[in-house]
Structure formats: structure tokens, C-alpha cells
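Student: Below you'll find model_31.cif; it's mmCIF, C-alpha atoms, pLDDT in the B column; chains and numbers go by the auth columns.
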data_target
loop_
_atom_site.group_PDB
_atom_site.id
_atom_site.type_symbol
_atom_site.label_atom_id
_atom_site.label_comp_id
_atom_site.label_asym_id
_atom_site.label_seq_id
_atom_site.Cartn_x
_atom_site.Cartn_y
_atom_site.Cartn_z
_atom_site.B_iso_or_equiv
_atom_site.auth_seq_id
_atom_site.auth_asym_id
ATOM 1 C CA GLN A 1 29.510 -66.314 25.668 83.00 17 A
ATOM 2 C CA VAL A 2 30.010 -64.979 22.163 91.00 18 A
ATOM 3 C CA GLN A 3 28.044 -61.948 21.114 94.00 19 A
ATOM 4 C CA LEU A 4 27.794 -60.541 17.613 96.00 20 A
ATOM 5 C CA VAL A 5 26.574 -57.000 16.998 97.00 21 A
ATOM 6 C CA GLU A 6 25.769 -55.833 13.485 97.00 22 A
ATOM 7 C CA SER A 7 25.581 -52.224 12.372 98.00 23 A
ATOM 8 C CA GLY A 8 25.546 -50.137 9.218 98.00 24 A
ATOM 9 C CA GLY A 9 22.143 -50.950 7.820 97.00 25 A
ATOM 10 C CA GLY A 10 19.661 -48.348 6.682 97.00 26 A
ATOM 11 C CA LEU A 11 17.649 -46.913 3.822 98.00 27 A
ATOM 12 C CA VAL A 12 19.459 -46.495 0.515 98.00 28 A
ATOM 13 C CA GLN A 13 18.405 -45.744 -3.042 98.00 29 A
ATOM 14 C CA PRO A 14 18.849 -48.322 -5.790 98.00 30 A
ATOM 15 C CA GLY A 15 22.427 -48.279 -7.014 98.00 31 A
ATOM 16 C CA GLY A 16 23.699 -47.101 -3.651 98.00 32 A
ATOM 17 C CA SER A 17 26.101 -48.708 -1.208 98.00 33 A
ATOM 18 C CA LEU A 18 26.263 -49.636 2.439 98.00 34 A
ATOM 19 C CA ARG A 19 29.025 -51.096 4.571 98.00 35 A
ATOM 20 C CA LEU A 20 27.754 -53.519 7.162 98.00 36 A
ATOM 21 C CA SER A 21 29.876 -54.345 10.189 98.00 37 A
ATOM 22 C CA CYS A 22 29.703 -57.138 12.715 97.00 38 A
ATOM 23 C CA GLU A 23 31.752 -56.898 15.877 96.00 39 A
ATOM 24 C CA ALA A 24 32.318 -60.024 17.932 95.00 40 A
ATOM 25 C CA SER A 25 32.993 -60.332 21.619 91.00 41 A
ATOM 26 C CA GLY A 26 35.397 -62.895 22.977 74.00 42 A
ATOM 27 C CA ARG A 27 38.958 -63.772 22.119 67.00 43 A
ATOM 28 C CA THR A 28 38.409 -66.530 19.599 76.00 44 A
ATOM 29 C CA PHE A 29 37.059 -64.531 16.669 87.00 45 A
ATOM 30 C CA SER A 30 40.173 -65.011 14.575 89.00 46 A
ATOM 31 C CA SER A 31 39.920 -68.812 14.698 93.00 47 A
ATOM 32 C CA TYR A 32 36.486 -69.079 13.107 95.00 48 A
ATOM 33 C CA ALA A 33 34.885 -68.581 9.744 97.00 49 A
ATOM 34 C CA MET A 34 32.265 -65.857 9.574 97.00 50 A
ATOM 35 C CA GLY A 35 29.183 -65.633 7.433 98.00 51 A
ATOM 36 C CA TRP A 36 26.541 -63.157 6.362 98.00 52 A
ATOM 37 C CA PHE A 37 22.961 -64.226 5.774 98.00 53 A
ATOM 38 C CA ARG A 38 19.792 -62.273 5.072 98.00 54 A
ATOM 39 C CA GLN A 39 16.072 -62.686 5.437 98.00 55 A
ATOM 40 C CA ALA A 40 13.576 -60.711 3.410 97.00 56 A
ATOM 41 C CA PRO A 41 9.992 -60.210 4.585 93.00 57 A
ATOM 42 C CA GLY A 42 7.987 -63.371 4.025 95.00 58 A
ATOM 43 C CA LYS A 43 10.988 -65.334 2.835 97.00 59 A
ATOM 44 C CA GLU A 44 13.381 -67.838 4.329 97.00 60 A
ATOM 45 C CA ARG A 45 16.839 -66.892 5.482 97.00 61 A
ATOM 46 C CA GLU A 46 19.425 -67.175 2.729 98.00 62 A
ATOM 47 C CA PHE A 47 23.186 -67.301 2.497 98.00 63 A
ATOM 48 C CA VAL A 48 24.970 -64.163 1.311 98.00 64 A
ATOM 49 C CA ALA A 49 28.724 -64.644 1.861 98.00 65 A
ATOM 50 C CA PHE A 50 31.313 -66.303 4.040 98.00 66 A
ATOM 51 C CA ILE A 51 34.976 -65.783 4.797 98.00 67 A
ATOM 52 C CA SER A 52 37.394 -68.336 6.185 97.00 68 A
ATOM 53 C CA TRP A 53 39.018 -67.983 9.571 95.00 69 A
ATOM 54 C CA ASN A 54 42.164 -66.424 8.093 93.00 70 A
ATOM 55 C CA GLY A 55 40.497 -64.494 5.292 93.00 71 A
ATOM 56 C CA GLY A 56 42.069 -66.704 2.653 94.00 72 A
ATOM 57 C CA ALA A 57 38.825 -67.980 1.214 96.00 73 A
ATOM 58 C CA THR A 58 35.534 -66.289 0.446 98.00 74 A
ATOM 59 C CA SER A 59 32.313 -67.358 -1.209 98.00 75 A
ATOM 60 C CA TYR A 60 29.231 -65.490 -2.374 98.00 76 A
ATOM 61 C CA ALA A 61 25.683 -66.218 -3.360 98.00 77 A
ATOM 62 C CA ASP A 62 25.183 -65.851 -7.095 98.00 78 A
ATOM 63 C CA SER A 63 22.708 -63.037 -6.497 97.00 79 A
ATOM 64 C CA VAL A 64 25.360 -60.811 -4.892 98.00 80 A
ATOM 65 C CA LYS A 65 28.555 -61.936 -6.620 98.00 81 A
ATOM 66 C CA GLY A 66 30.430 -58.998 -8.089 97.00 82 A
ATOM 67 C CA ARG A 67 28.466 -56.486 -5.998 98.00 83 A
ATOM 68 C CA PHE A 68 29.188 -57.503 -2.398 98.00 84 A
ATOM 69 C CA THR A 69 32.557 -58.028 -0.717 98.00 85 A
ATOM 70 C CA ILE A 70 33.159 -59.742 2.602 98.00 86 A
ATOM 71 C CA SER A 71 36.276 -58.983 4.613 98.00 87 A
ATOM 72 C CA ARG A 72 37.529 -59.266 8.159 97.00 88 A
ATOM 73 C CA ASP A 73 39.872 -57.499 10.528 95.00 89 A
ATOM 74 C CA ASN A 74 40.947 -59.984 13.162 92.00 90 A
ATOM 75 C CA ALA A 75 42.702 -57.280 15.158 92.00 91 A
ATOM 76 C CA LYS A 76 39.315 -55.577 15.602 93.00 92 A
ATOM 77 C CA ASP A 77 37.246 -58.779 15.898 94.00 93 A
ATOM 78 C CA THR A 78 35.094 -57.432 13.092 96.00 94 A
ATOM 79 C CA VAL A 79 33.751 -58.758 9.815 97.00 95 A
ATOM 80 C CA TYR A 80 32.447 -56.465 7.099 98.00 96 A
ATOM 81 C CA LEU A 81 30.105 -56.719 4.162 98.00 97 A
ATOM 82 C CA GLN A 82 30.534 -54.015 1.553 98.00 98 A
ATOM 83 C CA THR A 83 27.372 -53.854 -0.499 98.00 99 A
ATOM 84 C CA ASN A 84 27.436 -51.977 -3.814 98.00 100 A
ATOM 85 C CA SER A 85 24.973 -51.490 -6.670 98.00 101 A
ATOM 86 C CA LEU A 86 22.123 -52.298 -4.320 98.00 102 A
ATOM 87 C CA LYS A 87 18.803 -53.416 -5.724 98.00 103 A
ATOM 88 C CA PRO A 88 15.328 -53.474 -4.190 97.00 104 A
ATOM 89 C CA ALA A 89 15.695 -57.287 -4.113 97.00 105 A
ATOM 90 C CA ASP A 90 18.516 -56.831 -1.579 98.00 106 A
ATOM 91 C CA THR A 91 16.051 -55.467 0.967 98.00 107 A
ATOM 92 C CA ALA A 92 16.282 -57.717 4.031 98.00 108 A
ATOM 93 C CA VAL A 93 17.542 -58.018 7.556 98.00 109 A
ATOM 94 C CA TYR A 94 21.214 -58.955 7.378 98.00 110 A
ATOM 95 C CA TYR A 95 22.708 -61.259 9.990 98.00 111 A
ATOM 96 C CA CYS A 96 26.295 -62.176 10.705 98.00 112 A
ATOM 97 C CA ALA A 97 27.188 -65.540 12.164 97.00 113 A
ATOM 98 C CA ARG A 98 30.249 -67.251 13.597 96.00 114 A
ATOM 99 C CA GLY A 99 31.223 -70.731 12.530 95.00 115 A
ATOM 100 C CA LYS A 100 30.989 -73.759 14.780 95.00 116 A
ATOM 101 C CA TRP A 101 34.456 -75.179 14.262 93.00 117 A
ATOM 102 C CA ARG A 102 37.892 -73.685 14.541 93.00 118 A
ATOM 103 C CA TYR A 103 39.939 -73.118 11.421 94.00 119 A
ATOM 104 C CA SER A 104 37.058 -73.770 9.070 91.00 120 A
ATOM 105 C CA SER A 105 37.053 -72.388 5.565 92.00 121 A
ATOM 106 C CA GLY A 106 33.358 -71.488 5.863 94.00 122 A
ATOM 107 C CA SER A 107 29.972 -72.787 4.815 96.00 123 A
ATOM 108 C CA ARG A 108 26.825 -71.738 2.981 97.00 124 A
ATOM 109 C CA LEU A 109 24.671 -73.616 5.482 96.00 125 A
ATOM 110 C CA GLY A 110 23.191 -71.879 8.489 96.00 126 A
ATOM 111 C CA TYR A 111 23.532 -75.131 10.385 96.00 127 A
ATOM 112 C CA ASP A 112 27.314 -74.713 10.385 96.00 128 A
ATOM 113 C CA TYR A 113 27.158 -71.499 12.410 97.00 129 A
ATOM 114 C CA ALA A 114 26.929 -71.463 16.177 95.00 130 A
ATOM 115 C CA TYR A 115 26.293 -67.818 17.022 95.00 131 A
ATOM 116 C CA TRP A 116 24.153 -65.183 15.345 97.00 132 A
ATOM 117 C CA GLY A 117 23.750 -61.464 15.683 97.00 133 A
ATOM 118 C CA GLN A 118 20.462 -59.639 16.086 97.00 134 A
ATOM 119 C CA GLY A 119 20.496 -58.371 12.521 97.00 135 A
ATOM 120 C CA THR A 120 20.657 -54.994 10.813 98.00 136 A
ATOM 121 C CA PRO A 121 17.931 -53.968 8.370 98.00 137 A
ATOM 122 C CA VAL A 122 18.718 -52.856 4.842 98.00 138 A
ATOM 123 C CA THR A 123 16.017 -51.209 2.741 98.00 139 A
ATOM 124 C CA VAL A 124 16.675 -50.385 -0.891 98.00 140 A
ATOM 125 C CA SER A 125 14.018 -48.065 -2.221 97.00 141 A
ATOM 126 C CA SER A 126 13.614 -44.861 -4.167 95.00 142 A
#
In C-alpha cells, write the structure found in this file.
Tutor:
Amino acid sequence: QVQLVESGGGLVQPGGSLRLSCEASGRTFSSYAMGWFRQAPGKEREFVAFISWNGGATSYADSVKGRFTISRDNAKDTVYLQTNSLKPADTAVYYCARGKWRYSSGSRLGYDYAYWGQGTPVTVSS
């Protein structure tokens, strides 16, 4: 069974930064695309970023492009989301997810992810 554990969330002032981490159990992490999604209070879950199985391709939501960076370390079975220039609108619970199919380049659709973490909350407030 695959387990994903996020960490790194917290309270930060506008303009600040956080580095979110997601560590995966199991031996097949390196074969799958990974994604980050978020859900703000009272809103639907939305795509944030994905990275392909080998790190060669990434994609970002327009709302975070240029401020967030997704990366992965397959030796550590970990995917990261560096969040910079945070805004109050970035306040949400952030979830990482593992893709359904091996060697995928990634997807913006939650449907294409098989496993999800429990989430880490990010609050941007002064």
C-alpha cells in the first residue's frame, strides 16, 4: 500500500515562503508522476503543479506560475513544492498525490491520481 505524508505547512506572512514536502512509502515512487493540489475553505480542490516521473516535465496552475516550484528527489522518495511570494489567496490545505500509471508525464486532473496524502495546511496572513 502506498502512503504519502506531507509536511512543511504552517502560518506565514504575505510575501513569505514555505517548502512543502511529501514523502512516499513503497519502492515505485520513481516510476510515477506526482502532483500537488490544494483546497481552500468552502472551495473545491484545485490543481497546483505536477512533475513527470523522471522530473523532465512540470506544469503549474496560472495562479502560482512563477512563484511555486515543484521538484522531486527519487533517491529520497520525496516530492517538494517550494512556495514563494505567498498571498492570502494561497491559504489552503495542500495535498500531494501519486499518478495512476507508470512513466506518465503528469496530469492536472485529480482523477489521474491514485493515492493522496492527508494534507498539510498553509495559512497566509498578517
Student: Apply the PyMOL selection byres ((chain A and resi 89) around 12) to the file shown and report the selected residues as a PyMOL selection string.
Tutor: chain A and resi 37-40+45-46+50+67-71+86-88+90-97
Student: From the options A:Ser120, A:Thr99, A:Ser41, A:Gln19, which residue's atoms come nearest to A:Phe84, counting only C-alpha atoms?
Tutor: A:Thr99
Student: Report as a PyMOL selection string all protein, DNA and RNA residues lying within 10 Å of A:Tyr76, evaluated on only C-alpha atoms, omitting residues in the same chain fewer than 5 positions from it.
Tutor: chain A and resi 51-52+63-67+81-86+124
Student: How would the residues just chosen look if you wrote them out with C-alpha atoms as a compact mmCIF listing (two decimals), keeping the file's coordinate frame?
Tutor:
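Resulting contents of out15.txt:
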# COMPACT_ATOMS: atom_id res chain seq x y z
CA GLY A 51 29.18 -65.63 7.43
CA TRP A 52 26.54 -63.16 6.36
CA PHE A 63 23.19 -67.30 2.50
CA VAL A 64 24.97 -64.16 1.31
CA ALA A 65 28.72 -64.64 1.86
CA PHE A 66 31.31 -66.30 4.04
CA ILE A 67 34.98 -65.78 4.80
CA LYS A 81 28.56 -61.94 -6.62
CA GLY A 82 30.43 -59.00 -8.09
CA ARG A 83 28.47 -56.49 -6.00
CA PHE A 84 29.19 -57.50 -2.40
CA THR A 85 32.56 -58.03 -0.72
CA ILE A 86 33.16 -59.74 2.60
CA ARG A 124 26.82 -71.74 2.98
Student: Atom CA of A:Phe53 and atom CA of A:Ser101, how far apart in Å?
Tutor: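 A separation of 17.9 Å between them.
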Student: Padding 5 Å on every side, please: axis-aligned box over the listed atoms of stretch 91-104 of chain A, centre and edge lengths to one decimal in Å, as JSON.
Tutor:
{"center_x": 29.0, "center_y": -55.1, "center_z": 4.6, "size_x": 37.4, "size_y": 17.3, "size_z": 32.6}
Student: Applied to this file, what does the PyMOL selection byres ((chain A and resi 59) around 12) return in terms of residues, put as a PyMOL selection string?
Tutor: chain A and resi 54-58+60-62+105+107-109
Student: Show which residues sit within 10 Å of A:Gln134, as a ChimeraX atom specification. Count only C-alpha atoms, and ignore same-chain residues fewer than 6 positions away.
Tutor: /A:19-23,109-113
Student: Interatomic distance between atom CA of A:Gly135 and atom CA of A:Leu27?
Tutor: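 Taking atom CA of A:Gly135 and atom CA of A:Leu27, their separation equals 14.7 Å.
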Student: Can you work out which one of A:Gln29, A:Ser123, A:Asn100, A:Gln17 has the shortest atom-to-atom distance to A:Ser142, counting only C-alpha atoms?
Tutor: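 Smallest separation from A:Ser142 among the options: A:Gln29.
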Student: What does the distance from atom CA of A:Tyr48 to atom CA of A:Gly26 come to in Å, to one decimal?
Tutor: 27.5 Å
Student: Kindly extract all protein, DNA and RNA residues lying within 7 Å of the coordinates (13.2, -51.2, -5.6) given in the file, considering only C-alpha atoms, and supply them as a PyMOL selection string.
Tutor: chain A and resi 30+103-105+140-142
Student: Go through A:Gly122, A:Gln98, A:Tyr131, A:Ser75 one by one, measure the shortest atom-to-atom distance of each to A:Gly24 using only C-alpha atoms, and give the residue with the smallest value.
Tutor: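 Result for the nearest residue to A:Gly24: A:Gln98.
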Student: Compare A:Ala73, A:Ala130, A:Asp78, A:Asp106 by their minimum atom-to-atom distance to A:Gly25, counting all atoms listed in the file, and give me the closest one.
Tutor: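 Between A:Ala73, A:Ala130, A:Asp78, A:Asp106, the residue approaching A:Gly25 most closely is A:Asp106.
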Student: Given all atoms listed in the file as the basis, pick out the residue of A:Thr139, A:Leu102, A:Leu36, A:Ser47 nearest to A:Trp117.
Tutor: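 Of the candidates, the smallest distance to A:Trp117 is held by A:Ser47.
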Student: Would you mind telling me which residue in A:Gly72, A:Ala49, A:Gly42, A:Pro137 lies nearest to A:Gly115 when using all atoms listed in the file?
Tutor: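 Comparing A:Gly72, A:Ala49, A:Gly42, A:Pro137 against A:Gly115, the winner is A:Ala49.
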